[in-house]
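Structure first, commentary second.
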Amino acid sequence: MPIVRKRQIETLQQLSGQELEAFIDSLPAGADSISKLLDFVEDELYDKECNHSLRYAMQFMMENGLSFPKVSSWLSENGGYCDCKVLDEIAPYWREKFGDD
Ligand SMILES: [Zn+2]
C-alpha cells in the first residue's frame, strides 16, 4: 500500500486557533499575498491557456517582491506544479477557508 501523504492544504479546513496561526506563520508569504496570487493567476488563465509552468504565478511573485523559491516550492508541495494546478489543487481549499474576494 502506497503511503499518500496528505497535502498541507487539504488539512486547512480543519485548522483553527493555534493550528491555524501556525499554518499562516508557515506560509512563504502573507496570507493576503497568497489570496491575491490565486486571483491573479485565475484572471490570467481566464482567456489564456496554462503552458504547464508557473508562468503567471511567477509573474505575480516578481511584481510583488515575493520569495520565488519559497513560494514556488510551497505551491509544488501542495500540488500546484503549474498555474492551472494551482487553481485546481490549492485555490478551492484556500478559498473555502479564507473566502474568495
Ligand atoms: Zn497547467
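Convention: chains lettered A, B, ... in C-alpha cells order; per-chain residue numbering from 1; ligands numbered from 1 as shown.
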Could you tell me, counting only C-alpha atoms and all ligand atoms, which protein and nucleic acid residues lie no more than 9 Å from ligand 1, written as JSON, numbers by chain? {"A": [49, 50, 51, 52, 53, 54, 80, 81, 82, 83, 84, 85, 86, 87]}
DSSP helix (DSSP H, G or I) residues within region 37-91 of chain A, listed as number ranges by chain: A: 37-46, 55-63, 68-77, 83-91
Residues near Ala91 (chain A), anyone? I mean within 12 Å using only C-alpha atoms, not counting same-chain ones fewer than 4 positions away, as number ranges by chain. A: 9-10, 12, 34-42, 75, 78-80, 83-87, 95-101
When you look at Gly65 (chain A) with a cut-off of 10 Å (counting only C-alpha atoms), what residues show up, excluding the ones that are within fewer than 5 positions of it in the same chain? I need them as a count of residues only. 3
Identify which of the residues A:Ile90, A:Ala57, A:Leu15, A:Leu27 lies closest to Lys70 (chain A), counting only C-alpha atoms when measuring atom-to-atom distances.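 Answer, going by the shortest atom-to-atom distance: A:Leu27.
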Quick one: pull the distance between CA of Gln14 (chain A) and CA of Trp94 (chain A), Å, one decimal. 11.9 Å
